[in-house]
Amino acid sequence: MSQQVLITGISSGIGAALARTCLERGDQVYGLSRRRPAWEPPSNRSDALHFVQQDIADLQTLPQALSNLTAGIDQFDLAILNAGVLGEIRDLGDTSLDEIQRVMTLNTWSNKILLDSLFAQGIGITQVIGMSSGAAISGSRGWGAYALSKASLKMLLQLYAAERPQTHFCSLAPGLVDTAMQDYLCDLPASSSQTYPSLGRIQAARGTDAMPTPDELAPHLLQCFENLRSEPSGCFIDIRNLPN
Ligand SMILES: NC(=O)c1ccc[n+]([C@@H]2O[C@H](COP(=O)([O-])OP(=O)(O)OC[C@H]3O[C@@H](n4cnc5c(N)ncnc54)[C@H](OP(=O)(O)O)[C@@H]3O)[C@@H](O)[C@H]2O)c1
C-alpha cells in the first residue's frame, strides 16, 4: 500500500536512494535538503515527490518550511531523520565548542524541532527512524562532535518514545555506505589510522561488500524499517547485528 514518507536530506547519499526507492514502490515522498535533488523521480512519479529547499540547521525557519511542505497532511507512515554531517575526525580536546554546536544543531536539535513542529501541526507519525551510527555507542577516538550528536539523537528518540506511545521510534545505524561522507574519511592519509584506528577498517572496506552503495542498500533498509516495528520503541539497532 502506498505510504506517506518524510525524508530529510534527499539530495544525495542514503536519503536520495531511500527517496528514489520509496517512489519506485509507489509512495508519496516529502523531502527537504539545501540542494534540489539532481536525480529524476522514476517515470510517471514526479508528482509523488514533494520537496522544499531548506537548511535544516536553520532552526528559526525550519517550522515554516515544514508547514509549507506538509500542508494538507495529517499522517506520515514513516519519517526518516536522515540529514547529517560528519564534522572533522580529530581529538575532542582539539575540537571547539562552536564545531560541536554546528554538528549538534543539524544531527540532533533539528530533529527535535522537526518532530515538535509536526506534532504541533497535529500530524501523526506512525514510525520515526533516526539515521544513527555505530559512533553513537562506540566511543572511538576521533569521532568527537559526530559521536556526541548521534549519542544525543539516540537518547532524544528514546525520550520521545516514552512520551509518544502512538509513534514507534528507532535509531538505526546503517553500517558503512559509500556516500560523500565516506569521501572525507577515505581521503584522510592512511597514517591517520595510527591515531584513529577505526579509520583503517573504514578505508579497507571501500569498494568491498562491506560498504554498499546507497542504491544497493536502500531496499534492504526499507525492509529493516518494517521489521524494526516489532522491536521496543526507542531502541537502537545496528544493521550489522541483524540476521541477513
Ligand atoms: N555513509 C555512511 O557510511 C554512514 C554511516 C553511518 C551513518 N550515516 C548517516 O546517514 C545519514 C546520511 O548520510 P550520507 O552518508 O548519505 O551523507 P551525504 O551523502 O553527505 O548526504 C547528506 C544529506 O543530508 C543533507 N544535508 C546535510 N546538511 C544539511 C542541512 N544543513 N540542511 C538540509 N539538509 C542537509 C544533504 O543535502 P544538502 O547538502 O543538499 O543540504 C544530503 O542530502 C547521516 O545522518 C549519516 O550520519 C552514514
# chains A, B, ... in the order shown; residues from 1 in each chain; ligands from 1
>>> residues_near_ligand(ligand="ligand 1", cutoff="9 Å", atoms="only C-alpha atoms and all ligand atoms", output="count of residues only")
56
>>> select_by_dssp(residues="region 183-214 of chain A", states="alpha helix (DSSP H)", output="list of chain:residue names")
A:Asp183, A:Tyr184, A:Leu185, A:Cys186, A:Asp187, A:Ser192, A:Ser193, A:Gln194, A:Thr195, A:Ser198, A:Leu199, A:Gly200, A:Arg201, A:Ile202, A:Gln203, A:Ala204, A:Ala205, A:Pro214
>>> closest_atom_pairs(of="region 126-197 of chain A", to="region 220-232 of chain A", cutoff="9 Å", atoms="only C-alpha atoms", output="JSON lines")
{"residue": "A:Gln127", "atom": "CA", "partner": "A:Arg229", "partner_atom": "CA", "distance": 7.8}
{"residue": "A:Ile129", "atom": "CA", "partner": "A:Phe225", "partner_atom": "CA", "distance": 7.4}
{"residue": "A:His168", "atom": "CA", "partner": "A:Arg229", "partner_atom": "CA", "distance": 6.8}
{"residue": "A:Phe169", "atom": "CA", "partner": "A:Pro232", "partner_atom": "CA", "distance": 8.4}
{"residue": "A:Cys170", "atom": "CA", "partner": "A:Leu228", "partner_atom": "CA", "distance": 7.5}
{"residue": "A:Leu172", "atom": "CA", "partner": "A:Phe225", "partner_atom": "CA", "distance": 8.6}
{"residue": "A:Pro174", "atom": "CA", "partner": "A:Leu221", "partner_atom": "CA", "distance": 7.6}
>>> residues_around(residues="Gly124 (chain A)", least_positions_apart="4", cutoff="7 Å", atoms="only C-alpha atoms", output="PyMOL selection string")
chain A and resi 74-76+119
>>> atom_distance(atom1="CA of Arg141 (chain A)", atom2="CA of Leu199 (chain A)")
9.9 Å
>>> select_by_dssp(residues="region 23-241 of chain A", states="strand (DSSP E)", output="PyMOL selection string")
chain A and resi 28-33+49-53+75-81+124-131+168-173+235-238
>>> atom_distance(atom1="CA of Leu153 (chain A)", atom2="CA of Thr108 (chain A)")
5.1 Å
>>> residues_around(residues="region 96-101 of chain A", least_positions_apart="2", cutoff="10 Å", atoms="only C-alpha atoms", output="PyMOL selection string")
chain A and resi 87-88+92-94+103-109+144-149
>>> residues_around(residues="Asp77 (chain A)", least_positions_apart="2", cutoff="8 Å", atoms="only C-alpha atoms", output="NGL selection string")
:A and (3-5 or 75 or 79 or 125-127)
>>> atom_distance(atom1="CA of Cys186 (chain A)", atom2="CA of Gln203 (chain A)")
5.2 Å
